[in-house]
Each structure stands twice: as C-alpha cells, then as structure tokens.
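Read the structure below first, then the notes.
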Amino acid sequence: MSYRCRHGMKYVGIPNEIPLKAPAMNFVASTTDGTQCGLPKHLKGLEAQSIEIMREVVAEFRRPVMLYSIGKDSSVMLHLALKAFHPAKLPFPLLHVDTTWKFHEMIAFRDETARRLGIELLVYINQDGLGRGISPITSGSTIHTQVMKTEALKQALDLYGFDAAFGGARRDEEKSRAKERIFSFRSRGHVWDPRNQRPELWNLYNTRVGPGETVRVFPLSNWTELDVWHYIHLESIPVVPLYFAKHRPVVGRGASWIMVDDERLTLNADEQPESRQVRFRTLGCYPLTGAIDSSATTLEDIISEMRSTRLSERQGRLIDSDESASMERKKREGYF
Amino acid sequence: MDSREFPVEAQSKDLLRFLTCGSVDDGKSTLIGRLLHDSKLIFEDQLSSLAAESKRHGTTGDDIDLALLTDGLEAEREQGITIDVAHRFFSTPRRSFIVADTPGHEQYTRNMATGASTADLAILLIDARKGVLPQTRRHSLICSLLGIRHVVLAVNKIDLISYQSDIFVRIVDEYRTFAGELGFSSIAPIPISARHGDNVTKVSDNTPWFRGPSLLDYIETIDVSSDTIESPFRFPVQWVNRPHLDFRGYAGTVASGTINAGDPIAVANSGRLSRVKELLTAEGAQTSAQAGDAITITLADELDIARGDLLISPDSPPEVSDQFAAHVIWMSDQQLMPGRSYLARIGTRTTPVTVTGIKYKIDVNTREHLAARTLGLNDIAFCNLSTDTPVAFDPYGQNRKTGSFVVIDRLTNHTLGAGMIAFGLRRATNVHWQATLIGRSERAAQKHQKPAIIWFTGLSGAGKSTIANIVERRLHAGGHHTMMLDGDNLRHGLSRDLGFTEADRVENIRRAGEAAKLLVDAGLIVLCSFISPYRAERDMVRRLVSDGEFMEVFVDTPLDECARRDPKGLYAKAKAGKIKNFTGFDAPYEPPTTPEIHLQTIGQQPEELADQIVKKLAALGIVFI
Ligand SMILES: Nc1nc2c(ncn2[C@@H]2O[C@H](COP(=O)(O)OP(=O)(O)OP(=O)(O)O)[C@@H](O)[C@H]2O)c(=O)[nH]1
Ligand SMILES: [Mg+2]
C-alpha cells in the first residue's frame, strides 16, 4: 500500500507487518526526510496539539465521546482523531444530537461518513421535546436551541454516562469561547462556571473529575476558520456539499438567505423562493442558518473568499445574534 | 500553481505566542483590541456589535471601547475588568500570533499564569501616570519564573501625560533596575497609547523623541527561537496503543530533541534499553521526528512501559529522584500545607506529592526571601518536594516540558498550584530502605491478629479518648496486642515543638500517622485519638497502610454538647479568647464523609459506644471476641 506524495520523490509505504485495522483514509503521504509533505509548519503544529489533547482524554477518562455536528470543524476533528489513534480504531463513539431540523444533505453526509469509516455513531433526539412539538419555526430559536440542543445533549451524556465529550469549537468563533479552557470542567448538571475555571498551564491538563462531573474538551481550540479550510484542502477531507456554492432555492429574511430545504419551512404570503448561487459558511439547523451569496465552488475559491471577506463566520447564525451574551449564557447551561 | 500547493508565505511563516500582562486597568485588553483593529482583523459585523456594546458597557465615552473585543464574559463587560485569559489569533504577512490577554487583577493571577505558561514573549503594560506597581512586579516575576525571556515594556496612556519623554525615561529606568536579576534577554521599551494607537502599528508623530520600531513591527521581527530541537530527546508516554496482539506502540508528543528510526532509547525510571523500531504516524513510518511531533513509537524489545514513563536518549538521561527543589506558584485560597499529600502532574505521570519544606517565600516587590510556614493565594516560593514514586525530570530552565508540574487537590480535584523544578535533591539515593527479614505479616501472625489503625476523630471533648480506652481494655482482655496513641500525650513528646496552626496540625497528624504505621508493622492494633480536623490528613494516614487496615471512627458530638461537657475547661478559655485556633471556634473541623464507624454520642453511654466498635471490628475479622 503506498501513497503518492506531491513534493517528495519517492513512494513511501505503510510497513506490511502492521495490519491496517483503521479504515482507509486519505492521509497525506510522507517525504523521504520524514516530514509530511504539504502541511506547513503552522498547521502541523496545530495538528500535533489536537492529537495530543485527544490521546490525553482517551488515556485518562473512563467513557469519552466525540460530539459530531457534521460541519467542517467536526470533519476536521474526526480526521484528526483517526490519525491520533492509528493504527487502532477510534476508541470512542460519535454522538450526533439531532434536532430533526438539520439539512437533508447533512444527514446524508453523516450516515455516509459513519458507513465509510466504519465508526459507531449514536444519534440522539430529545423525544420529549419532539413530542411537545418544539420547532424553530413555532417555538422560536431560543426555546428550540434550549430544548433540542442543550437539554438533548445533557440527556444524551447522562444516558450513556459519558465523562468527557469532545467538541469542535474554536476560540476564534466567538468571544466567550475565547475564554474557555481546552479541558473545560463541568460540575454536576453540566454547568460551566466561567468565573472559576481551573488554571491550565503548559500541556498539563487537569483531567480529574468527581462522580457526576464531566469535561468538555476542545481539540480545535487554537485553530482559526482559515486554518480549518487550509487543512481540509491539504488533507482532502470530505465536507458537506452545502459549503460549496450552487444554485439553491432560497428566501430572503433579514440579512440572510434561508434555504427552502423541505416543506416544513412555512413561507409568508409575500415570499417566493428564488434560485440563487449561495453557500453556507457554517451549518446548523436549516431555518436558523443563513446562506451567503457566493460563487466559490472549490476549496481554493472558499479560501480566497475567506481571505477577502469583511464579515465573520457567525454572521449567518441567527441563534447567536439575539444578544451578545447569549452564547455564554447557553454555555453556562450546558450548551456546547 | 498546483492546486494542492500552499502560498509560499504561509508555508514558512512562524508562530509567536505572547501575552499581555501588567497591573489592573493599564490597558492590556485595549491594546489587543487596538492591534486587531489597526491590522484590519476585525470583521464588519463584529465592529458594529462592538459599537453597540461600547454604548452599553464602554468605559470610553462616545468612542468604541476596544477592550470589549477580548473581555468576552458578561461579568467582565459589566465590571470593565478582565477576569480570565482570552486567546486571540491573528496573522500579518510576516508572522502568525497567538495572544493571551490576561487579567491584571491580583485575585486572578492564576489566569495570568495560565496565559504565560505557553508564551515566548510578554508585553508588560505600565500606566504612564502610575509607573511600576506591585502587580507589574508580580507579573514580571511570574514571567521570569515561567521562562519567558523577552519582554516589551509598553508604557501606555502616553496621551495622558502629554507625550512627555522624561516620564517615559524615568519609568524605563526604574523598571530596568527592578528587572536586572530576572534573567530577561531582551527588554524593549515602547511608549504607546492603546486607546489612540500611537506607536502600536505605526510610529507616532506625537512622540518625535521615539525612533521606533512600533510595537507591531517589533513583535513581527523579534527572534525568540529556543533550542528545543537541539535539546536531549524526551518523550513522555501518553497512551499505549495496542489494537491487537502484534502491535504495541507508545503514543505521545516529542517534548524535546530529535529521534530517528533505529536510535537507541531508554526508559528513564527503570534505565532499561531498547532501540526504536518505527516512528509511526497515520501517514506511515517516518525516518525521524522532532520536538512538537505527535507520533507513535514502536520498540525492538518488549519492555514494561506505561503512561507516565519518559522515553529518553540514553546518552543524556534526565534526573530521576523522588525529592526535588522547585519554585511554586500557589493559586488557591486553600493554603499550601507542608506535609499534606497532594497530587502532582509531571509530564504524563500523576503521583502523590508533599511539600517537605518551604525554603523561602519571595516578596514580589523587593524579591527578598521571607520565612513561611504555609503559602496562600498568589504566593511564590521555593520549596522542597517529595513524591511517592521517583519521577524523571529536567530543570525547568533547560526544559519547560519536562521540568514543570501542577499540584492538584486529592479531594476536590482543583488545580492548586504550578511548579518549576530547579534541581533534584540527592537525598533520595542516600536514604535507603532497610530490608527487614521478618515482615509485618509474620509479626502479626505470631500475635494471632490482623494489625489495624482505629482512628478516633471528633471535636475536643467529644469522648474520643474515653471510648478508645474502653475499647482497648476490651481488646486487651480478649488477648489482643494493642497500643494507644493519644493526641494530648503525643504533644508532650513527639510533637512538643508544634502549635495549633493549620500547618502544625497537619504536621502533628503526619507524625502520629507515621508512628501508627510503625506500630501496625509491628503487628499491633493501634488506637489513635486525635481531633484531626482535616479530611486530607486523615486520608493521608489511611493511605499509609493497606486497604482495610484503617478504621475511621467519627465520634460525633455536637459543638454545643462538647462545650457544655468541657472536661478540660478548654471551651471556657476559648470563649474568653484565651486560646487561639480552637477547633469549632476559630479553626475548622471537617467531619468524615464516609467513616467506617459513625458514633452519635448524645444519649449514649461510652460503654455502649465501645461495644458498637468492638462488634464492628469482629464483623470485619480484625478481632475475635
Ligand atoms: N487615555 C487612554 N486611556 C486608555 C489607554 N489604554 C487604555 N485606556 C483606558 O483604560 C481603561 C482600562 O483599560 P483596559 O484595556 O480594560 O485595561 P486592562 O489592563 O485590560 O485591565 P484588566 O484586564 O482588568 O487588568 C479603559 O477605560 C481604557 O479605555 C490609553 O492609551 N490612553
Ligand atoms: Mg483586560
């Protein structure tokens, strides 16, 4: 088995005595001097740090889980995890907290990813919330997020008894995230106390928790949005097609384009879906995540669009703009 | 261009990690905001929400308050101060940066240390109107201890002193005198106004006496490279990868140095040798790996290696010792007690640790060495420490990764402190264990009993000694070999030099515990009655002996009742203020959470209570009566 390297002159194989138990992946090959080709120093450093964090969790916690939200950050996080434990299989399951309002293409991508990589995927839906008819359209984004994401996540973590949960959040996403530790301690009830976080010096993470206490762990803490796209590009990591520009049926609401993903999106009398070339910078629940006008159909296009954009990533997220402190508040209650 | 190729600038750009620090309100957060803003790194939507928030929370009148860009917590915006460190990322065509904006407030020094531990450069801010303050000195000292070698002395709010050079010069002189012995290899003074932008990204016309470079220019070009790649090879084993019987790999991140496939390698603690078979990553076998690389190592030989071991190059081994001297920064309201057992996390190893002595505490202002028996929040001291198992380390000055540790509380799991190892204490190799030919089990067998510690804890006057005496009499009558250690008696001899402060109480219990352990080794059933107010010390004694050999008896008599009985007249004296640190009055008592035996004494006779204990001991197979 061998990979072709773009810059190196030679084929480098994985030695035969190590049976490749891990699923076949698109890992970048090596040059003859042992350095990875294609990965700049900066990304290589970020990759190593993320791998270190993941190994730390697996070594120290009883029952870890990786929260998989299907977006680009989750794709990168999963790719890093497969690298971290190679040649072993992924030593923890993925958990998707499904609000039932994800784009259809996201669900298809999720199931295909789990199948292709042979990974254990847990899907959790807050059935109680569903039964109560909670939806982003009738209940509003705040209640919907609270019940179908935050409560659902806490229920799922309790149900399986997970004591550490990986999340793909980055510190550059939002200002309360910039304040969070890599190993973020949660007391019973999954509560975050931002005023009283454990000191976190060097790479000496305090992994000790008492009964009922847990941690959220953020291996991508120090990555930026641009780092994530560069890495996806260089490592050829599959992502949901919604990130690429395409003509899609949308209606304009506020400053965003909302995609008409299925008949559940109730249109106002004056709304007529139009076809526009749009893409998504972040993916969430479909009526809450706006698309942007874009002609970026390749990863190169996305990266150059990102370099020139004057708007932040969360601009399309309706759920964050309610009030500036909302992310922190949600996180204190146990939101990711 | 090949679609998979990277722009050349991004390939070679290196990363600088820095922090802003200094006293409260000196303008650290504003400076970071200014840097991001003037480098055009703030998105439009962020800018418009910043403007809205500045109206609500700002401290700058009608202007936007740039500090709100990093002060991201609700409490921070409401109070206008930084509480916890914020990490921001930005890059310019010349360099990428990770910046930690840390709080100036003394109360949150631990969060400053968090930001400083991974930084290579510190921007130390000084308010030009205030000059060098205690917190400026404290942060300088912490930066120095944490191994930061480059400092930018940003004399801020220069606009508020009408851009006068003489004040700037005076502050710089004062700081240089103070920092003389801190071992910084560069100190670059720059007069700035974070609020208005002078000398932040461009040299300002308002300070014609300052030739530059601007702050941004300076941090884009300064060389802070250290030589972790040249240092000896160190690899803390993080996780053993064993997917099936034919593969055993040691996963971890190279802490320092370089390793090649085929190189000889040793396990630091055992000294066992082998050779690197493969350096594996998901991309396949590599020919070499260096500091910072996350890899999996396979060895030519089967050695017993686990998480916590340190793989090294045999030519330049680290020190291995269970005693070392280190600088400790204490970060908890809970005092550091010499003699108390904590956990230390060193590399990937976690091991019990005690501070055996505080050599001195450092006065942050004068750097004088002060005597200290305990350490409080934000104290910095030089200490001797002792671990339960030998650990492998390098002096922190030589290796930040293998010379650092954190101290964790065994009960609450809080991170209490951080340490930087200075040197090993050779005593470990000199104090040998004398191997004994007759073991504890032989001694106990001869007495036909199981040795144990029966530990009575409770308030003064709760009835500990009375009950313990009755129990001992019964055991003795039943043919058991016993010994009694009583708090009051111990204080006339073994602990004669100790008082009643928290530190002394900890030491008293340590001595009692060690004495009890020796008696258990002799095969005896040892009855101990000590107030022993702290859970941590009772648990420490518990850990001195084997599982099942420690019985905690909680003699639970409420404070009022003890005070009413007052057999020694001590409560009366405490009430009159004649005794200090009296448990229950001005010193705490931490009741056991899961004692083996819980005696509620009210309405019970001592004989009945002693009966309960004897029955329980019989049920546990310790005595046969
Ligand atoms: N005039 C003037 N005011 C400044 C300057 N820099 C900061 N300030 C003001 O000083 C106050 C404190 O600024 P911050 O940036 O919050 O200070 P800080 O050092 O981050 O404070 P802590 O993080 O809480 O220790 C704010 O009102 C700023 O607007 C300056 O250069 N000139
Ligand atoms: Mg601040």
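Labels for the structure tokens follow display order: chains A, B, ..., residues from 1 in each chain, ligands from 1.
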* Write as a count of residues only the residues around ligand 1, taking 9 Å as the cut-off and counting only C-alpha atoms and all ligand atoms. => 57
* Show me which bits of chain A are within 6 Å of chain B, counting only C-alpha atoms, as JSON, numbers by chain. => {"A": [14, 27, 29, 34, 40, 48, 59, 83, 86, 88, 175, 176, 178, 179, 199, 200, 201, 202, 208, 310, 311, 312]}
* To do: Give me every helix (DSSP H, G or I) residue in stretch 108-270 of chain A, going by DSSP on the backbone, as a PyMOL selection string.
  => chain A and resi 108-117+127-131+141-160+171-173+177-179+188-190+194-196+225-235+241-243
* Interatomic distance between atom CA of A:Gly161 and atom CA of A:Val215? -> 12.1 Å
* Asked: Between B:Asp379, B:Asp586, B:Asp263, B:Asp394, which one has atoms that come closest to B:Ser321, using only C-alpha atoms?
  ->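 Nearest candidate to B:Ser321 out of B:Asp379, B:Asp586, B:Asp263, B:Asp394: B:Asp394.
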* To do: Mind the document's chain letters and residue numbers, and return as a PyMOL selection string the residues of stretch 246-336 of chain A that DSSP labels strand (DSSP E or B).
  => chain A and resi 246-253+256-259+274-279+285+289+291-293+317
* To do: Please measure the separation of atom CA of A:Ser74 and atom CA of A:Glu333, giving the value in Å to one decimal.
  =>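 If I compute the distance from atom CA of A:Ser74 to atom CA of A:Glu333, I get 22.0 Å.
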* To do: Compile the contact shell of stretch 493-496 of chain B as a list in words: residues with an atom at most 10 Å away, counting only C-alpha atoms, same-chain residues fewer than 4 positions apart removed.
  =>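 That gives Gly487, Asp488, Asn489, Asp504, Arg505, Glu507, Asn508, Ile509, Arg511, Ala512 and Ala515 of chain B.
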* To do: Write out as number ranges by chain each polymer residue whose atoms come within 10 Å of stretch 240-243 of chain A, counting only C-alpha atoms; drop sequence neighbours fewer than 3 positions from it.
  => A: 70-72, 75, 103, 105-110, 246, 248, 278-283, 291, 296-299, 302
